[in-house]
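What follows is a set of notes on a single structure, which appears directly below.
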There are 2 protein chains.
Amino acid sequence: MPRTKGDHEARRRDVSEAVWQVMAARGFAGLTLRAVAAELGATTGLLTHYFPTKRALVEYALDLLEQRTLSRPRRDSGKGLAALRDGLLDILPLTPEAADSNRIWVSSWDAALSDPDLSTGYAHKYAVSRDRLSEQVAAAQELGELPPGDPAEIAAGAQSFVLGLVVQALFAPAAFPPQRQVQLLDDYLATLTAPDRSGNRRSARS
Amino acid sequence: MPRTKGDHEARRRDVSEAVWQVMAARGFAGLTLRAVAAELGATTGLLTHYFPTKRALVEYALDLLEQRTLSRPRRDSGKGLAALRDGLLDILPLTPEAADSNRIWVSSWDAALSDPDLSTGYAHKYAVSRDRLSEQVAAAQELGELPPGDPAEIAAGAQSFVLGLVVQALFAPAAFPPQRQVQLLDDYLATLTAPDRSGNRRSARS
DNA sequence: CCATTCACATAACAAGTGTTGTGTGAATGT
DNA sequence: ACATTCACACAACACTTGTTATGTGAATGG
């Protein structure tokens, strides 16, 4: 039963939704043409009509993942340290949608690590994210909310912390409910704001 | 060409090595019977002789992964904070072997997140690791090397930090050479040792 | 010395995968 | 009104995967 209205754009959105559902339910490895087609109530012919090859669909799925992650409702309340906190909170799986998004991300790491092309893409993407955090760190430092130190290093540390927290929360959602995730992040940020009493210089290169 | 000596144990070690090589080279998703057999210079018949089903081989591979991770040469120099640092350093991909191990771990998360049985196993495993870290945190606190605070929360934070650092280092090994990983970890530990000057209480529950 | 067991190889099978070609009915332009 | 294009369905393909059945030569035990 073909579409009465040939709305290309709407159809593409249907495909997006089906791809998303499949990835959320069966992981990135479960992203198969027939699974998407079944979720869509169609056949593989539809997909090959929109995507010439499987790789094209995978790349589309990754774009979709990035886009949906980026277009998630973002907190953007303050400036400086508050903005940094918001940016980090946006990453955490605090809502079911964010949990889906993160689960898909993590499950895509398998394919990404085995594929050099995808791997460099991921590295670049995380580098961009780090740069953005770095700017927020620098802003917070100028406001005196964070002690001095290389913003890039502090940003890398913060991203590591949040990334790892994502992974732990995905594997043990009961042990890491949203409240505890926020608490852990706030504790981490609290230690960042504290001055360093030890002899170690923070983030100095040899 | 069958084995002249029927050394069951040695053969199993050969299988382990082949499984390891395959996972390191092609990721967890690439762990296929024929790939292992080819790496072993044998056929699938050998594997079905040792493992009744694919799942058995997967479980064996996960055991192997855990065992190899655990049996990696560990630093165990000091007590208290130094022991905690050692335990965290042991996780990081500072050596090629540790990088292999971590890459396999990360690539296995895809299958684990889609399989409830494996997922709970992973959650348990990370919980055990957290408990161990928690004890080291408590010991460091008793030595006065760490300020007071719920050891479990501090351990969870430290594990998150290291886990995330592992992921970043795997995707961008050039940007996260061993030296920088150690530096980032030491910076993190330095912030932990610093007293909290802010009004936030560290790790208090509501 | 011989029967049995072991440790595989070999080959086939069914299911699932991406891909390709052909058909077909609706929409569309003229 | 008609030819063309579009948006798929349908079916077959080559391939990979896990699984299973059968054979076979070496080790082994009595």
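Note on naming: chains are A, B, ... as they come in the structure tokens, residues start from 1 per chain, ligands start from 1 in the order shown.
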
Just need the residues of chain B within 6 Å of chain A, counting only C-alpha atoms, so spit them out as a ChimeraX atom specification.
-> /B:26-27,107,110,114,123,160-161,163-165,171-172,187,191,194,196-197,202

Go ahead and save the residues from that selection, with C-alpha atoms, as a PDB file, in the first residue's frame.
```pdb
ATOM      1  CA  ARG B  26      38.086  -7.000  14.810  1.00  0.00           C
ATOM      2  CA  GLY B  27      36.258  -6.015  17.961  1.00  0.00           C
ATOM      3  CA  SER B 107      33.593  -3.023  22.181  1.00  0.00           C
ATOM      4  CA  ASP B 110      27.406  -3.136  22.666  1.00  0.00           C
ATOM      5  CA  SER B 114      21.500  -5.472  24.469  1.00  0.00           C
ATOM      6  CA  ALA B 123      26.885  -4.029  36.512  1.00  0.00           C
ATOM      7  CA  SER B 160      33.684   7.379  36.346  1.00  0.00           C
ATOM      8  CA  PHE B 161      36.661   9.599  35.725  1.00  0.00           C
ATOM      9  CA  LEU B 163      36.327   4.952  32.698  1.00  0.00           C
ATOM     10  CA  GLY B 164      35.683   8.084  30.690  1.00  0.00           C
ATOM     11  CA  LEU B 165      39.380   8.686  30.309  1.00  0.00           C
ATOM     12  CA  PHE B 171      39.326   7.084  20.416  1.00  0.00           C
ATOM     13  CA  ALA B 172      42.149   9.613  20.397  1.00  0.00           C
ATOM     14  CA  ASP B 187      45.173  16.386  38.602  1.00  0.00           C
ATOM     15  CA  THR B 191      41.479  18.084  43.475  1.00  0.00           C
ATOM     16  CA  ALA B 194      42.024  19.645  48.373  1.00  0.00           C
ATOM     17  CA  ASP B 196      36.126  21.887  49.797  1.00  0.00           C
ATOM     18  CA  ARG B 197      35.877  25.637  50.241  1.00  0.00           C
ATOM     19  CA  ARG B 202      30.549  16.583  49.528  1.00  0.00           C
TER      20      ARG B 202
END
```

Could you give me, as a Markdown table, every chain D residue with an atom at most 9 Å from chain A, plus its closest atom pair and distance in Å to one decimal, counting only C-alpha atoms (C1' of nucleotides), rows ordered by chain then number?
```
| residue | atom | partner | partner_atom | distance |
| --- | --- | --- | --- | --- |
| D:DC6 | C1' | A:Gly6 | CA | 8.4 |
| D:DA7 | C1' | A:Pro2 | CA | 7.1 |
| D:DC8 | C1' | A:Leu46 | CA | 5.7 |
| D:DA9 | C1' | A:Gly45 | CA | 7.0 |
| D:DC10 | C1' | A:Gly45 | CA | 8.6 |
```

Select residues of chain C: the criterion is any atom within 9 Å of an atom of chain A, counting only C-alpha atoms (C1' of nucleotides); output as a ChimeraX atom specification.
-> /C:17-19,25-27

Where in range 51-131 of chain A does DSSP assign alpha helix (DSSP H), given as number ranges by chain?
-> A: 54-70, 81-91, 96-114, 116-131

Could you save those same residues with C-alpha atoms as a JSON list (two decimals), in the first residue's frame?
```
[["chain", "number", "residue", "atom", "x", "y", "z"],
["A", 54, "LYS", "CA", 24.19, -0.12, 4.16],
["A", 55, "ARG", "CA", 27.04, 2.18, 4.99],
["A", 56, "ALA", "CA", 24.97, 5.14, 3.83],
["A", 57, "LEU", "CA", 22.27, 4.11, 6.25],
["A", 58, "VAL", "CA", 24.79, 3.72, 9.05],
["A", 59, "GLU", "CA", 26.19, 7.17, 8.38],
["A", 60, "TYR", "CA", 22.68, 8.51, 8.27],
["A", 61, "ALA", "CA", 21.99, 6.80, 11.59],
["A", 62, "LEU", "CA", 25.07, 8.39, 13.12],
["A", 63, "ASP", "CA", 24.06, 11.79, 11.80],
["A", 64, "LEU", "CA", 20.62, 11.20, 13.23],
["A", 65, "LEU", "CA", 22.17, 10.23, 16.54],
["A", 66, "GLU", "CA", 24.31, 13.33, 16.63],
["A", 67, "GLN", "CA", 21.45, 15.55, 15.55],
["A", 68, "ARG", "CA", 19.04, 14.13, 18.09],
["A", 69, "THR", "CA", 21.65, 14.42, 20.80],
["A", 70, "LEU", "CA", 22.34, 18.02, 19.88],
["A", 81, "LEU", "CA", 30.43, 27.73, 35.85],
["A", 82, "ALA", "CA", 26.65, 27.39, 35.64],
["A", 83, "ALA", "CA", 26.88, 27.08, 31.86],
["A", 84, "LEU", "CA", 29.57, 24.43, 32.22],
["A", 85, "ARG", "CA", 27.40, 22.54, 34.67],
["A", 86, "ASP", "CA", 24.46, 22.75, 32.29],
["A", 87, "GLY", "CA", 26.53, 21.50, 29.42],
["A", 88, "LEU", "CA", 27.66, 18.51, 31.44],
["A", 89, "LEU", "CA", 24.18, 17.80, 32.75],
["A", 90, "ASP", "CA", 22.95, 17.77, 29.17],
["A", 91, "ILE", "CA", 25.19, 14.81, 28.46],
["A", 96, "PRO", "CA", 14.63, 8.31, 29.20],
["A", 97, "GLU", "CA", 15.34, 10.02, 25.89],
["A", 98, "ALA", "CA", 18.83, 10.94, 26.98],
["A", 99, "ALA", "CA", 19.31, 7.38, 28.20],
["A", 100, "ASP", "CA", 18.29, 6.04, 24.80],
["A", 101, "SER", "CA", 20.62, 8.43, 23.08],
["A", 102, "ASN", "CA", 23.51, 7.51, 25.32],
["A", 103, "ARG", "CA", 22.88, 3.81, 25.01],
["A", 104, "ILE", "CA", 23.00, 4.10, 21.26],
["A", 105, "TRP", "CA", 26.19, 6.10, 21.48],
["A", 106, "VAL", "CA", 27.89, 3.53, 23.66],
["A", 107, "SER", "CA", 26.72, 0.64, 21.53],
["A", 108, "SER", "CA", 28.06, 2.37, 18.44],
["A", 109, "TRP", "CA", 31.54, 2.47, 19.93],
["A", 110, "ASP", "CA", 32.03, -1.16, 18.99],
["A", 111, "ALA", "CA", 31.68, -0.52, 15.29],
["A", 112, "ALA", "CA", 33.51, 2.78, 15.58],
["A", 113, "LEU", "CA", 36.59, 1.31, 17.21],
["A", 114, "SER", "CA", 36.90, -1.30, 14.48],
["A", 116, "PRO", "CA", 39.27, 3.70, 11.26],
["A", 117, "ASP", "CA", 37.07, 6.14, 9.35],
["A", 118, "LEU", "CA", 34.38, 6.17, 11.97],
["A", 119, "SER", "CA", 36.99, 6.23, 14.71],
["A", 120, "THR", "CA", 38.57, 9.45, 13.52],
["A", 121, "GLY", "CA", 35.14, 10.92, 13.16],
["A", 122, "TYR", "CA", 34.38, 10.11, 16.75],
["A", 123, "ALA", "CA", 37.70, 11.47, 17.92],
["A", 124, "HIS", "CA", 36.97, 14.70, 16.11],
["A", 125, "LYS", "CA", 33.49, 14.91, 17.55],
["A", 126, "TYR", "CA", 34.70, 14.48, 21.10],
["A", 127, "ALA", "CA", 37.45, 16.98, 20.47],
["A", 128, "VAL", "CA", 34.87, 19.52, 19.38],
["A", 129, "SER", "CA", 32.84, 18.82, 22.48],
["A", 130, "ARG", "CA", 35.98, 19.28, 24.58],
["A", 131, "ASP", "CA", 36.73, 22.59, 22.93]]
```

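Interatomic distance, CA of Ala138 in chain B against CA of Asp150 in chain B: 8.5 Å.
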
What is the distance between C1' of DA7 in chain C and CA of Leu31 in chain B, in Å to one decimal?
->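 Pair C1' of DA7 in chain C / CA of Leu31 in chain B returns 23.0 Å.
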
Could you tell me which of B:Val137, B:Arg12, B:Lys79, B:Asp7 comes closest to DA27 in chain D if we count only C-alpha atoms (C1' of nucleotides)?
->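 Among the listed residues, B:Asp7 lies closest to DA27 in chain D.
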